[in-house]
Amino acid sequence: MTAAALLTGANAAGSEAVQWTTSFKGSDGTTYTATNHLLPASRGEGRQWLLAWSGPAKQPAPDFLAVIDATPSSRTYGKVVNTVTVGPGMGNEPHHMQYVWHKGDHIYAGGIISDTTFVFDSKALPALRLVGVNTPMDTPCGTLPDAYQTLRDGTAYATYMGGPNVAGPCTYTNGEVRIGNGAAGSPGDIVLIGKDGRTLAEIPAATKEGEDPAQCGNVPALPQSSCANPHGIAVREDLNILVASDFAEARNFMTPDSPLREELARQTVRVFDITNRTNPTLKSVSKVADGPRSVLEEKAFFKESRVVMEVAMTNKPGHKGAFVSSMAGGAVFYTPDITAPAPQWREVFDDTTAYKRFHPDGSVTGGGDNSSWLAVSPDDRFLFHAVMGQSIPYGEPLDKTTGMIYVLDIRKLLDSGEGVRCSVDELREVYAGGSERDCPELTAVVPIRDTSDGGPHWGAMDNFERDHRGMYRETEHVKRFAVSNYFVAGSFGGGGDHRICMFDMNRAGKVELDKKFRDERTGRPCVSFNRPSWPHGDYGDSQPHGVLFAVSDGKLK
């Protein structure tokens with residue numbers, strides 16, 4: 001595999017952007033490219049940037065990483081200053097990058113449909129250099145790359161939600177064998193990806209003996225039933241722990257006309273011991289349970305435990321807790337010790353409580369609300385959560401069930417240690433929050449009104465602060481975050497309005513929309529990806545999914 005760079009000049013569309021291309025030869029023999037289209041606004045002193053991994057609303061058109069000026073004091077704040085188009089293929093369906101970026105990290109960006117991970121060097125931000133590609137040939141036992149978590153050595157673990165490239169037995173790096181039902185099916189796996197994009201290890205997420213076939217349905221059926229469809233991922237290197245939350249067997253779940261088969265809605269969480277980074281071992285498979293709202297849900301698919309999409313771990317020494325959230329169930333669960341042989345989960349918050357802030361009659365519940373991004377602030381003070389809103393399968397009008405962002409103060413919960421008392425186990429707590437003294441406190445709810453097709457799906461915390469000399473350093477205290485309003489093309493409730501919005505947060509956890517982060521064309525708050533032209537040409541509307549804060553290398557301590 002090789003990388004090369006070429007300065008090519010102004011683009012074919014005749015815009016003012018200057019092109020800079022890097023290439024990388026993948027293990028499949030294909031030469032992949034990444035072309036920067038840098039605008040003059042990107043020049044000058046180092047700044048902070050918001051990266052958005054995006055694909056076109058209409059084909060044919062290239063997928064790209066947009067680089068947005070995220071420095072509030074900059075005259076080009078909110079402007080797209082570079083688009084890095086990837087080739088030669090199109091239709092990757094850009095999905096996630098890692099949750100948080102640190103100085104020196106490469107950027108891992110996944111194409112969930114193309115089963116491809118692109119790896120970028122970010123030292124020359126706002127320009128990016130392609131330094132690695134992980135192709136379908138590199139992960140024969142897993143498909144649908146979803147989320148990434150970088151390690152201190154610069155490598156990254158990734159969740160591959162779908163089954164092997166080809167149905168049948170597949171042999172993993174450690175020699176173990178599992179039988180899968182094919183691409184986008186089951187079981188998925190965990191992949192350790194090197195800084196050059198190559199696979200360092202492909203790790204089975206499925207147990208050897210199989211799981212409960214009544215809950216772990218597979219289509220077509222497997223000899224050993226499996227719920228292993230890992231989506232969210234979190235890593236604590238100090239604890240030698242990796243946690244992954246199971247989503248669903250995606251190819252039988254994602255489209256509006258898919259039958260809501262309860263046995264495809266996963267309720268499980270997997271914990272791996274990563275003492276040996278290249279050969280993690282599956283330590284436990286635990287299950288979250290339904291709560292008091294389940295008596296109100298006519299369809300079991302929308303009970304609290306269904307479709308465990310995201311996971312977030314605490315960060316500080318002495319804290320071993322972890323959170324998971326359910327996409328179809330609309331609830332947040334917590335375990336105080338994720339290192340335990342059999343973690344015990346308890347519901348600590350129902351999205352219904354947040355909805356009551358702007359639907360006070362209680363008519364909108366968390367059932368089927370498509371809750372998504374989940375993150376714990378580095379200081380272990382706040383939990384952030386994005387919700388897309390109820391959609392077609394649930395049967396609610398989208399203009400009634402808007403998306404939202406909410407923030408929980410989790411300090412009392414964490415301070416309880418292993419003696420946690422908080423438990424949403426009574427129906428009144430669904431609407432008013434848990435009654436125990438250590439339950440999370442709802443500090444902010446911001447509705448994101450969108451009547452098109454779903455609300456915010458993904459987000460990123462700004463983990464940097466700037467000093468009086470214009471230099472940046474990482475901080476534990478999050479003062480703002482960004483969210484993107486798009487899920488997956490062709491899915492239920494996933495179109496969104498293609499905006500990226502910025503929110504400011506004070507020390508008390510109160511949140512407000514940053515109205516200075518404006519679209520460069522319309523002047524309205526939030527950056528819209530619905531526009532006729534980009535630095536790379538006149539390709540029309542685009543769909544931003546993963547977002548990530550990063551800083552120019554020379555300005556980051």
# chains A, B, ... in the order shown; residues from 1 in each chain; ligands from 1

call {"tool": "residues_around", "arguments": {"residues": "His231 of chain A", "least_positions_apart": "3", "cutoff": "8 Å", "atoms": "only C-alpha atoms", "output": "list in words"}}
result
Asp146, Ala147, Thr159, Tyr160, Met161, Ala244, Ser245, Asp246, Phe247, Met309 and Glu310 of chain A

call {"tool": "residues_around", "arguments": {"residues": "segment 206-215 of chain A", "least_positions_apart": "6", "cutoff": "8 Å", "atoms": "only C-alpha atoms", "output": "list in words"}}
result
Arg178, Pro187, Gly188, Asp189, Gln224, Ser225, Ser226, Cys227, Ala228, Glu262, Glu263, Leu264, Ala265, Arg266 and Leu282 of chain A

call {"tool": "write_last_selection", "arguments": {"atoms": "N, CA and C atoms", "output": "PDB file, in the first residue's frame"}}
result
ATOM      1  N   ARG A 178     -17.054 -18.826  13.368  1.00  0.00           N
ATOM      2  CA  ARG A 178     -18.486 -18.654  13.584  1.00  0.00           C
ATOM      3  C   ARG A 178     -19.176 -18.788  12.231  1.00  0.00           C
ATOM      4  N   PRO A 187     -23.478 -13.042  12.476  1.00  0.00           N
ATOM      5  CA  PRO A 187     -23.160 -12.062  13.513  1.00  0.00           C
ATOM      6  C   PRO A 187     -22.126 -11.048  13.024  1.00  0.00           C
ATOM      7  N   GLY A 188     -22.163  -9.851  13.614  1.00  0.00           N
ATOM      8  CA  GLY A 188     -21.143  -8.856  13.347  1.00  0.00           C
ATOM      9  C   GLY A 188     -19.900  -9.132  14.168  1.00  0.00           C
ATOM     10  N   ASP A 189     -18.921  -8.222  14.075  1.00  0.00           N
ATOM     11  CA  ASP A 189     -17.690  -8.436  14.839  1.00  0.00           C
ATOM     12  C   ASP A 189     -17.046  -7.113  15.232  1.00  0.00           C
ATOM     13  N   GLN A 224     -26.390 -21.524  15.288  1.00  0.00           N
ATOM     14  CA  GLN A 224     -26.255 -20.955  16.623  1.00  0.00           C
ATOM     15  C   GLN A 224     -26.811 -19.538  16.568  1.00  0.00           C
ATOM     16  N   SER A 225     -27.975 -19.311  17.159  1.00  0.00           N
ATOM     17  CA  SER A 225     -28.606 -17.983  17.117  1.00  0.00           C
ATOM     18  C   SER A 225     -27.682 -16.939  17.731  1.00  0.00           C
ATOM     19  N   SER A 226     -27.742 -15.726  17.184  1.00  0.00           N
ATOM     20  CA  SER A 226     -26.847 -14.674  17.677  1.00  0.00           C
ATOM     21  C   SER A 226     -27.526 -13.309  17.660  1.00  0.00           C
ATOM     22  N   CYS A 227     -27.322 -12.583  18.736  1.00  0.00           N
ATOM     23  CA  CYS A 227     -27.743 -11.182  18.827  1.00  0.00           C
ATOM     24  C   CYS A 227     -26.574 -10.232  18.549  1.00  0.00           C
ATOM     25  N   ALA A 228     -25.449 -10.771  18.097  1.00  0.00           N
ATOM     26  CA  ALA A 228     -24.236  -9.973  17.942  1.00  0.00           C
ATOM     27  C   ALA A 228     -24.308  -9.086  16.707  1.00  0.00           C
ATOM     28  N   GLU A 262     -40.006  -8.618  16.562  1.00  0.00           N
ATOM     29  CA  GLU A 262     -39.465  -8.391  17.899  1.00  0.00           C
ATOM     30  C   GLU A 262     -38.139  -9.115  18.109  1.00  0.00           C
ATOM     31  N   GLU A 263     -37.978 -10.306  17.520  1.00  0.00           N
ATOM     32  CA  GLU A 263     -36.771 -11.083  17.768  1.00  0.00           C
ATOM     33  C   GLU A 263     -35.545 -10.501  17.057  1.00  0.00           C
ATOM     34  N   LEU A 264     -35.739  -9.465  16.229  1.00  0.00           N
ATOM     35  CA  LEU A 264     -34.610  -8.805  15.573  1.00  0.00           C
ATOM     36  C   LEU A 264     -34.188  -7.534  16.302  1.00  0.00           C
ATOM     37  N   ALA A 265     -34.946  -7.138  17.311  1.00  0.00           N
ATOM     38  CA  ALA A 265     -34.650  -5.927  18.084  1.00  0.00           C
ATOM     39  C   ALA A 265     -33.781  -6.315  19.283  1.00  0.00           C
ATOM     40  N   ARG A 266     -32.503  -6.051  19.186  1.00  0.00           N
ATOM     41  CA  ARG A 266     -31.567  -6.531  20.199  1.00  0.00           C
ATOM     42  C   ARG A 266     -31.691  -5.782  21.528  1.00  0.00           C
ATOM     43  N   LEU A 282     -14.299 -12.103  24.713  1.00  0.00           N
ATOM     44  CA  LEU A 282     -15.649 -11.739  25.127  1.00  0.00           C
ATOM     45  C   LEU A 282     -15.847 -12.116  26.585  1.00  0.00           C
TER      46      LEU A 282
END

call {"tool": "closest_residue", "arguments": {"among": "A:Pro223, A:Pro62, A:Gly91, A:Pro126", "to": "Trp20 of chain A", "atoms": "only C-alpha atoms"}}
result
A:Pro126

call {"tool": "select_by_dssp", "arguments": {"residues": "segment 185-398 of chain A", "states": "strand (DSSP E)", "output": "VMD selection string"}}
result
chain A and resid 189 to 193 199 to 204 230 to 236 241 to 246 268 to 273 281 to 287 308 to 313 322 to 326 331 to 335 346 to 350 371 to 376 382 to 387

call {"tool": "closest_residue", "arguments": {"among": "A:Val285, A:Val81, A:Val488, A:Ala57", "to": "Arg531 of chain A", "atoms": "only C-alpha atoms"}}
result
A:Ala57

call {"tool": "residues_around", "arguments": {"residues": "segment 317-327 of chain A", "least_positions_apart": "4", "cutoff": "6 Å", "atoms": "only C-alpha atoms", "output": "PyMOL selection string"}}
result
chain A and resi 306-313+331-338+370-371

call {"tool": "closest_residue", "arguments": {"among": "A:Leu296, A:Val18, A:Ile405, A:Leu383", "to": "Ala127 of chain A", "atoms": "only C-alpha atoms"}}
result
A:Val18

call {"tool": "atom_distance", "arguments": {"atom1": "atom CA of Tyr157 of chain A", "atom2": "atom CA of Val551 of chain A"}}
result
22.4 Å

call {"tool": "select_by_dssp", "arguments": {"residues": "segment 213-437 of chain A", "states": "helix (DSSP H, G or I)", "output": "JSON, numbers by chain"}}
result
{"A": [250, 251, 252, 262, 263, 264, 292, 293, 294, 295, 300, 301, 302, 351, 352, 353, 354, 355, 392, 393, 394, 411, 412, 413, 414, 415, 417, 418, 419, 427, 428, 429, 430, 431, 432]}

call {"tool": "residues_around", "arguments": {"residues": "His359 of chain A", "least_positions_apart": "5", "cutoff": "12 Å", "atoms": "only C-alpha atoms", "output": "number ranges by chain"}}
result
A: 351-354, 364-366, 400-402, 404, 431, 445, 447

call {"tool": "write_last_selection", "arguments": {"atoms": "N, CA and C atoms", "output": "PDB file, in the first residue's frame"}}
result
ATOM      1  N   ASP A 351     -37.056   8.843  27.904  1.00  0.00           N
ATOM      2  CA  ASP A 351     -37.133  10.045  27.065  1.00  0.00           C
ATOM      3  C   ASP A 351     -38.457  10.777  27.214  1.00  0.00           C
ATOM      4  N   THR A 352     -39.480  10.083  27.689  1.00  0.00           N
ATOM      5  CA  THR A 352     -40.787  10.704  27.918  1.00  0.00           C
ATOM      6  C   THR A 352     -40.661  11.916  28.831  1.00  0.00           C
ATOM      7  N   THR A 353     -39.796  11.820  29.841  1.00  0.00           N
ATOM      8  CA  THR A 353     -39.603  12.929  30.778  1.00  0.00           C
ATOM      9  C   THR A 353     -39.103  14.169  30.053  1.00  0.00           C
ATOM     10  N   ALA A 354     -38.189  13.996  29.106  1.00  0.00           N
ATOM     11  CA  ALA A 354     -37.684  15.129  28.335  1.00  0.00           C
ATOM     12  C   ALA A 354     -38.757  15.683  27.401  1.00  0.00           C
ATOM     13  N   VAL A 364     -46.650  12.508  24.115  1.00  0.00           N
ATOM     14  CA  VAL A 364     -45.538  11.933  23.365  1.00  0.00           C
ATOM     15  C   VAL A 364     -44.628  11.188  24.330  1.00  0.00           C
ATOM     16  N   THR A 365     -44.382   9.926  24.057  1.00  0.00           N
ATOM     17  CA  THR A 365     -43.524   9.110  24.922  1.00  0.00           C
ATOM     18  C   THR A 365     -42.238   8.750  24.190  1.00  0.00           C
ATOM     19  N   GLY A 366     -41.358   8.059  24.908  1.00  0.00           N
ATOM     20  CA  GLY A 366     -40.099   7.647  24.317  1.00  0.00           C
ATOM     21  C   GLY A 366     -40.222   6.461  23.377  1.00  0.00           C
ATOM     22  N   LYS A 400     -45.607  16.275  14.961  1.00  0.00           N
ATOM     23  CA  LYS A 400     -45.945  16.247  16.383  1.00  0.00           C
ATOM     24  C   LYS A 400     -44.756  15.779  17.219  1.00  0.00           C
ATOM     25  N   THR A 401     -44.032  14.803  16.726  1.00  0.00           N
ATOM     26  CA  THR A 401     -42.958  14.201  17.517  1.00  0.00           C
ATOM     27  C   THR A 401     -41.597  14.633  16.984  1.00  0.00           C
ATOM     28  N   THR A 402     -41.229  15.837  17.291  1.00  0.00           N
ATOM     29  CA  THR A 402     -39.971  16.383  16.807  1.00  0.00           C
ATOM     30  C   THR A 402     -38.782  15.722  17.484  1.00  0.00           C
ATOM     31  N   MET A 404     -34.965  16.055  19.370  1.00  0.00           N
ATOM     32  CA  MET A 404     -34.517  16.915  20.474  1.00  0.00           C
ATOM     33  C   MET A 404     -33.116  16.520  20.905  1.00  0.00           C
ATOM     34  N   TYR A 431     -42.772   9.763  33.366  1.00  0.00           N
ATOM     35  CA  TYR A 431     -43.147  11.124  32.991  1.00  0.00           C
ATOM     36  C   TYR A 431     -42.427  12.192  33.806  1.00  0.00           C
ATOM     37  N   VAL A 445     -33.359  20.685  27.721  1.00  0.00           N
ATOM     38  CA  VAL A 445     -34.022  20.015  26.597  1.00  0.00           C
ATOM     39  C   VAL A 445     -34.183  21.049  25.492  1.00  0.00           C
ATOM     40  N   PRO A 447     -35.804  21.217  21.722  1.00  0.00           N
ATOM     41  CA  PRO A 447     -36.446  20.575  20.567  1.00  0.00           C
ATOM     42  C   PRO A 447     -35.804  21.062  19.286  1.00  0.00           C
TER      43      PRO A 447
END

call {"tool": "residues_around", "arguments": {"residues": "Pro140 of chain A", "least_positions_apart": "4", "cutoff": "9 Å", "atoms": "only C-alpha atoms", "output": "JSON, numbers by chain"}}
result
{"A": [136, 163, 164, 165, 166, 170, 171, 172, 202]}

call {"tool": "write_last_selection", "arguments": {"atoms": "N, CA, C and O atoms", "output": "mmCIF file, in the first residue's frame"}}
result
data_model
loop_
_atom_site.group_PDB
_atom_site.id
_atom_site.type_symbol
_atom_site.label_atom_id
_atom_site.label_comp_id
_atom_site.auth_asym_id
_atom_site.auth_seq_id
_atom_site.Cartn_x
_atom_site.Cartn_y
_atom_site.Cartn_z
ATOM 1 N N PRO A 136 -13.525 -4.209 1.927
ATOM 2 C CA PRO A 136 -14.269 -5.419 2.292
ATOM 3 C C PRO A 136 -13.395 -6.668 2.362
ATOM 4 O O PRO A 136 -13.657 -7.574 3.162
ATOM 5 N N GLY A 163 -23.075 -9.299 9.261
ATOM 6 C CA GLY A 163 -22.422 -10.595 9.164
ATOM 7 C C GLY A 163 -21.323 -10.639 8.126
ATOM 8 O O GLY A 163 -20.956 -9.619 7.529
ATOM 9 N N PRO A 164 -20.774 -11.832 7.877
ATOM 10 C CA PRO A 164 -19.623 -11.969 6.983
ATOM 11 C C PRO A 164 -19.965 -11.643 5.536
ATOM 12 O O PRO A 164 -21.133 -11.642 5.131
ATOM 13 N N ASN A 165 -18.919 -11.408 4.737
ATOM 14 C CA ASN A 165 -19.112 -11.103 3.315
ATOM 15 C C ASN A 165 -19.908 -12.197 2.616
ATOM 16 O O ASN A 165 -20.751 -11.926 1.759
ATOM 17 N N VAL A 166 -19.618 -13.442 2.976
ATOM 18 C CA VAL A 166 -20.271 -14.598 2.351
ATOM 19 C C VAL A 166 -20.879 -15.475 3.449
ATOM 20 O O VAL A 166 -20.230 -15.743 4.466
ATOM 21 N N CYS A 170 -16.825 -18.578 8.985
ATOM 22 C CA CYS A 170 -15.783 -17.578 8.777
ATOM 23 C C CYS A 170 -14.768 -17.705 9.907
ATOM 24 O O CYS A 170 -15.149 -17.856 11.079
ATOM 25 N N THR A 171 -13.498 -17.660 9.554
ATOM 26 C CA THR A 171 -12.422 -17.807 10.531
ATOM 27 C C THR A 171 -11.839 -16.448 10.881
ATOM 28 O O THR A 171 -11.415 -15.697 10.001
ATOM 29 N N TYR A 172 -11.806 -16.146 12.163
ATOM 30 C CA TYR A 172 -11.306 -14.864 12.657
ATOM 31 C C TYR A 172 -9.794 -14.920 12.852
ATOM 32 O O TYR A 172 -9.168 -15.979 12.734
ATOM 33 N N GLU A 202 -9.456 -9.219 13.588
ATOM 34 C CA GLU A 202 -10.899 -9.319 13.429
ATOM 35 C C GLU A 202 -11.387 -10.278 14.504
ATOM 36 O O GLU A 202 -10.950 -11.429 14.571
#

call {"tool": "residues_around", "arguments": {"residues": "Leu65 of chain A", "least_positions_apart": "5", "cutoff": "7 Å", "atoms": "only C-alpha atoms", "output": "ChimeraX atom specification"}}
result
/A:51-54,83-85

call {"tool": "closest_residue", "arguments": {"among": "A:Leu38, A:Met502, A:Val269, A:Ala328", "to": "Lys299 of chain A", "atoms": "only C-alpha atoms"}}
result
A:Ala328

call {"tool": "closest_residue", "arguments": {"among": "A:Pro341, A:Gly362, A:Gly537, A:Pro378", "to": "Asn315 of chain A", "atoms": "only C-alpha atoms"}}
result
A:Pro378

call {"tool": "closest_residue", "arguments": {"among": "A:Arg277, A:Arg381, A:His477, A:His102", "to": "Pro440 of chain A", "atoms": "only C-alpha atoms"}}
result
A:Arg381

call {"tool": "residues_around", "arguments": {"residues": "Val80 of chain A", "least_positions_apart": "2", "cutoff": "8 Å", "atoms": "only C-alpha atoms", "output": "PyMOL selection string"}}
result
chain A and resi 66-69+78+82-83
